[in-house]
Amino acid sequence: MTPDLTTLQPLRPTLYRLAADGRSLDFLFAQCPQCRQLSFPANAPGCMHCGHAIDASAQVARPGGGTLLEYVTLHVAMVPGLSAPSIAGDIRIAEQVVEEGVIGVADESLLAPGMALRAIAVPLPSGEHYGCHFVPAGAQGATA
Ligand SMILES: [Zn+2]
């Protein structure tokens with residue numbers, strides 16, 4: 001079953017939104033008017049690189065994804081609705097910006113540090129929202 005993700009709302013609308021393909025996610029960054037670097041999340045009060053003040057006009061959307069730095073399998077559900085075991089990872093989503101995310105693969109053997117990941121929307125059990133999973137950039141959205 002592939003629900004129509006365009007009918008769902010993002011669980012974290014300040015962080016990401018559905019991309020034009022209806023499956024991938026765009027991440028919402030703030031691009032600093034001073035140093036041009038990206039900060040995340042976009043609603044931060046100042047640039048995380050140089051401290052320059054940023055406001056809503058600095059927001060830019062970029063294809064969600066990044067580089068997998070490290071990961072760990074979690075054997076208990078951290079969040080209601082998240083299945084266990086699941087894999088959490090640190091992903092560098094922009095220069096000097098590292099976020100923790102859920103890796104949507106069946107097991108760690110499919111992962112390696114340094115691999116490219118992309119962010120996809122996954123429907124949540126509520127039936128109203130989608131969340132964010134990272135999958136290997138080459139995969140066609142297969143997710144646990
Ligand atoms: Zn800056």
# chains A, B, ... in the order shown; residues from 1 in each chain; ligands from 1

$ select_by_dssp --residues "chain A" --states "helix (DSSP H, G or I)" --output "list in words"
Leu5, Thr6, Thr7, Ala56, Ser57, Ala58, Glu108, Ser109 and Leu110 of chain A

$ residues_near_ligand --ligand "ligand 1" --cutoff "7 Å" --atoms "only C-alpha atoms and all ligand atoms" --output "PyMOL selection string"
chain A and resi 32-37+47-52

$ write_last_selection --atoms "N, CA and C atoms" --output "compact mmCIF listing (two decimals), in the first residue's frame"
# COMPACT_ATOMS: atom_id res chain seq x y z
N CYS A 32 22.71 32.04 5.65
CA CYS A 32 23.18 33.26 6.29
C CYS A 32 23.47 34.35 5.25
N PRO A 33 22.92 35.56 5.45
CA PRO A 33 23.21 36.65 4.50
C PRO A 33 24.66 37.12 4.59
N GLN A 34 25.31 36.78 5.69
CA GLN A 34 26.68 37.24 5.91
C GLN A 34 27.70 36.25 5.32
N CYS A 35 27.65 34.99 5.78
CA CYS A 35 28.70 34.03 5.37
C CYS A 35 28.19 33.01 4.35
N ARG A 36 26.90 33.03 4.03
CA ARG A 36 26.27 32.17 3.02
C ARG A 36 26.19 30.71 3.44
N GLN A 37 26.58 30.37 4.66
CA GLN A 37 26.51 28.98 5.11
C GLN A 37 25.06 28.65 5.52
N CYS A 47 22.94 32.68 12.85
CA CYS A 47 23.75 31.75 12.05
C CYS A 47 24.60 30.89 12.97
N MET A 48 24.57 29.57 12.78
CA MET A 48 25.35 28.67 13.64
C MET A 48 26.83 28.68 13.27
N HIS A 49 27.19 29.37 12.21
CA HIS A 49 28.59 29.42 11.80
C HIS A 49 29.27 30.72 12.23
N CYS A 50 28.59 31.85 12.01
CA CYS A 50 29.24 33.13 12.31
C CYS A 50 28.44 33.97 13.32
N GLY A 51 27.22 33.54 13.67
CA GLY A 51 26.45 34.25 14.68
C GLY A 51 25.62 35.40 14.15
N HIS A 52 25.71 35.69 12.87
CA HIS A 52 24.94 36.78 12.27
C HIS A 52 23.44 36.49 12.46

$ closest_residue --among "A:Pro45, A:Pro123, A:Gly104, A:Pro85" --to "Thr6 (chain A)" --atoms "only C-alpha atoms"
A:Pro123

$ residues_around --residues "Ile93 (chain A)" --least-positions-apart "3" --cutoff "8 Å" --atoms "only C-alpha atoms" --output "MDAnalysis selection string"
chainID A and resid 64:67 97:99

$ residues_around --residues "Cys132 (chain A)" --least-positions-apart "4" --cutoff "8 Å" --atoms "only C-alpha atoms" --output "PyMOL selection string"
chain A and resi 25+101-102+119-122

$ atom_distance --atom1 "CA of Gly131 (chain A)" --atom2 "CA of Arg12 (chain A)"
7.5 Å
